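Asker: Shown below is the structure under consideration.
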Amino acid sequence: MKHTKIEWTEATWNPVTGCDKISPGCKNCYAEVMARRLKAMGQPNYRDGFRLTLQPQMLELPLKWKKPQMIFVNSMSDLFHKDVPVEFIERVFDVMNKARRHTFQVLTKRAERLAELSGRLSWSENIWMGVSVESRKYAGRIDELRNTGAQIKFLSLEPLLGPLGALDLTGIDWVIVGGESGHKARPMKAEWAIDIQRQCAAQNVKFFFKQWGAWGADGQKRSKKTNGRLLSEKEWNDRPAPAAAPV
């Protein structure tokens with residue numbers, strides 16, 4: 001198990017590594033930087049750097065983890081990338097269906113492929129499915145998510161690069177908002193995040209504010225830690241309750 005500092009999960013599991021960029025949210029991809037670092041350190045799973053690579057030897061790891069965890073699936077890739085065979089995606093889902101003690105959080109930008117394959121996949125209650133939406137142009141990903149068989153559906157609005165306008169959150173259970181980190185980070189304006197929080201409250205959707213990132217609420221650039229996680233002077237840590245499952 002690899003513990004993580006990502007605020008909305010507890011551990012990561014990467015049966016696939018590597019990816020490529022498909023929209024502006026990918027521009028400063030943290031996973032790409034980390035993959036290069038791991039390759040330089042000689043980590044065998046990253047011998048190909050950030051080239052998409054299946055890691056079948058990692059598939060059954062969650063079955064060995066006894067303590068129930070919230071697990072972010074493919075923090076270093078995208079399970080619904082076009083080069084991940086359908087059969088391999090089905091094997092990942094088979095493991096998640098078996099490991100009912102855990103809650104698996106799957107996140108993709110490839111919402112069209114997700115919707116296309118949803119009917120072939122087995123959606124046990126412990127599989128949470130999310131899509132990333134960084135700007136209004138990509139809000140259509142929400143409709144694709146809505147049409148999947150996932151019982152818990154969530155949005156990762158991170159890095160939030162612009163106002164999203166009116167959101168239809170019908171069928172959405174959870175929304176995560178966050179600004180971008182790193183020295184090349186693009187700023188997130190407070191009013192964008194506050195507007196989303198208010199829409200979540202109005203539509204009875206759980207809201208989680210992850211971070212400001214490199215740019216603070218006041219528009220000043222400083223360390224991520226210094227900018228913190230307060231929005232409208234409070235922390236927002238709501239998330240759905242994990243499904244009750246046998247240990």
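The chains in the structure tokens are called A, B, ... from first to last as shown; in each chain the residues are counted from 1, and the ligands are counted from 1 in the order shown.
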Would you pick out the contacts of Arg47 (chain A) at 12 Å or less, using only C-alpha atoms, so that residues sharing its chain but fewer than 3 positions from it are not included, and give the list as a count of residues only?
Answerer: 17
Asker: Taking 3 positions as the minimum chain separation for residues in the same chain, which residues sit within 8 Å of Ile194 (chain A) when counting only C-alpha atoms? Answer as number ranges by chain.
Answerer: A: 190-191, 197-198, 231-232
Asker: Compare A:Met70, A:Leu160, A:Ala201, A:Ile22 by their minimum atom-to-atom distance to Arg186 (chain A), counting only C-alpha atoms, and give me the closest one.
Answerer: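 That would be A:Leu160, the residue with the smallest distance to Arg186 (chain A).
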Asker: Of the candidates A:Glu134, A:Asp238, A:Glu158, A:Glu90, which shows the shortest atom-to-atom distance to Ser118 (chain A), using only C-alpha atoms?
Answerer: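 Comparing A:Glu134, A:Asp238, A:Glu158, A:Glu90 against Ser118 (chain A), the winner is A:Glu90.
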Asker: Just checking: using only C-alpha atoms, which residue out of A:Phe209, A:Phe104, A:Trp174, A:Tyr30 ends up closest to Val92 (chain A)?
Answerer: A:Phe104
Asker: Run DSSP on the backbone and tell me which residues of region 43-156 of chain A come out as strand (DSSP E); list them as a list of chain:residue names.
Answerer: A:Thr53, A:Leu54, A:Met70, A:Ile71, A:Phe72, A:Val73, A:Thr103, A:Phe104, A:Gln105, A:Val106, A:Leu107, A:Thr108, A:Ile127, A:Trp128, A:Met129, A:Gly130, A:Val131, A:Ser132, A:Ile152, A:Lys153, A:Phe154, A:Leu155, A:Ser156
Asker: Please write the residues from the selection above to a file, keeping N, CA and C atoms, as an mmCIF file, in the first residue's frame.
Answerer:
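Contents of out00.cif, as written:
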```
data_model
loop_
_atom_site.group_PDB
_atom_site.id
_atom_site.type_symbol
_atom_site.label_atom_id
_atom_site.label_comp_id
_atom_site.auth_asym_id
_atom_site.auth_seq_id
_atom_site.Cartn_x
_atom_site.Cartn_y
_atom_site.Cartn_z
ATOM 1 N N THR A 53 1.965 2.350 -19.415
ATOM 2 C CA THR A 53 2.472 1.004 -19.179
ATOM 3 C C THR A 53 1.515 0.246 -18.274
ATOM 4 N N LEU A 54 1.100 -0.941 -18.693
ATOM 5 C CA LEU A 54 0.294 -1.794 -17.827
ATOM 6 C C LEU A 54 1.199 -2.424 -16.777
ATOM 7 N N MET A 70 -9.506 4.133 1.784
ATOM 8 C CA MET A 70 -9.951 4.833 0.579
ATOM 9 C C MET A 70 -8.754 4.856 -0.370
ATOM 10 N N ILE A 71 -8.932 4.302 -1.549
ATOM 11 C CA ILE A 71 -7.811 4.099 -2.466
ATOM 12 C C ILE A 71 -8.069 4.833 -3.779
ATOM 13 N N PHE A 72 -7.172 5.737 -4.106
ATOM 14 C CA PHE A 72 -7.212 6.454 -5.381
ATOM 15 C C PHE A 72 -6.579 5.536 -6.438
ATOM 16 N N VAL A 73 -7.374 5.158 -7.426
ATOM 17 C CA VAL A 73 -6.926 4.219 -8.457
ATOM 18 C C VAL A 73 -6.235 4.971 -9.596
ATOM 19 N N THR A 103 -12.694 1.276 -0.316
ATOM 20 C CA THR A 103 -13.426 2.183 -1.204
ATOM 21 C C THR A 103 -12.456 2.639 -2.275
ATOM 22 N N PHE A 104 -12.786 2.402 -3.534
ATOM 23 C CA PHE A 104 -11.911 2.749 -4.652
ATOM 24 C C PHE A 104 -12.424 4.008 -5.341
ATOM 25 N N GLN A 105 -11.551 4.972 -5.524
ATOM 26 C CA GLN A 105 -11.893 6.245 -6.156
ATOM 27 C C GLN A 105 -11.183 6.309 -7.514
ATOM 28 N N VAL A 106 -11.948 6.146 -8.561
ATOM 29 C CA VAL A 106 -11.416 6.151 -9.933
ATOM 30 C C VAL A 106 -11.724 7.512 -10.541
ATOM 31 N N LEU A 107 -10.722 8.116 -11.184
ATOM 32 C CA LEU A 107 -10.884 9.457 -11.743
ATOM 33 C C LEU A 107 -10.353 9.485 -13.164
ATOM 34 N N THR A 108 -11.132 10.048 -14.084
ATOM 35 C CA THR A 108 -10.715 10.074 -15.487
ATOM 36 C C THR A 108 -11.032 11.411 -16.147
ATOM 37 N N ILE A 127 -17.054 1.193 -5.415
ATOM 38 C CA ILE A 127 -16.337 1.849 -6.517
ATOM 39 C C ILE A 127 -16.956 3.218 -6.758
ATOM 40 N N TRP A 128 -16.218 4.257 -6.442
ATOM 41 C CA TRP A 128 -16.641 5.636 -6.706
ATOM 42 C C TRP A 128 -16.012 6.075 -8.017
ATOM 43 N N MET A 129 -16.810 6.669 -8.884
ATOM 44 C CA MET A 129 -16.310 7.077 -10.197
ATOM 45 C C MET A 129 -16.382 8.584 -10.333
ATOM 46 N N GLY A 130 -15.286 9.189 -10.781
ATOM 47 C CA GLY A 130 -15.248 10.632 -10.950
ATOM 48 C C GLY A 130 -14.686 11.065 -12.282
ATOM 49 N N VAL A 131 -14.983 12.303 -12.662
ATOM 50 C CA VAL A 131 -14.368 12.918 -13.841
ATOM 51 C C VAL A 131 -13.745 14.247 -13.435
ATOM 52 N N SER A 132 -12.678 14.606 -14.131
ATOM 53 C CA SER A 132 -12.015 15.891 -13.915
ATOM 54 C C SER A 132 -12.592 16.926 -14.871
ATOM 55 N N ILE A 152 -21.729 5.813 -6.671
ATOM 56 C CA ILE A 152 -21.247 7.090 -6.149
ATOM 57 C C ILE A 152 -20.478 7.786 -7.266
ATOM 58 N N LYS A 153 -20.893 8.994 -7.598
ATOM 59 C CA LYS A 153 -20.285 9.745 -8.702
ATOM 60 C C LYS A 153 -19.735 11.064 -8.150
ATOM 61 N N PHE A 154 -18.516 11.410 -8.573
ATOM 62 C CA PHE A 154 -17.918 12.642 -8.049
ATOM 63 C C PHE A 154 -17.195 13.426 -9.128
ATOM 64 N N LEU A 155 -16.977 14.707 -8.836
ATOM 65 C CA LEU A 155 -16.268 15.606 -9.742
ATOM 66 C C LEU A 155 -14.999 16.093 -9.082
ATOM 67 N N SER A 156 -13.912 16.105 -9.834
ATOM 68 C CA SER A 156 -12.672 16.737 -9.391
ATOM 69 C C SER A 156 -12.493 17.994 -10.235
#
```
Asker: What's the 7 Å shell around Ala111 (chain A), counting only C-alpha atoms, without same-chain residues fewer than 5 positions away, as an NGL selection string?
Answerer: :A and (131 or 141 or 144-145)
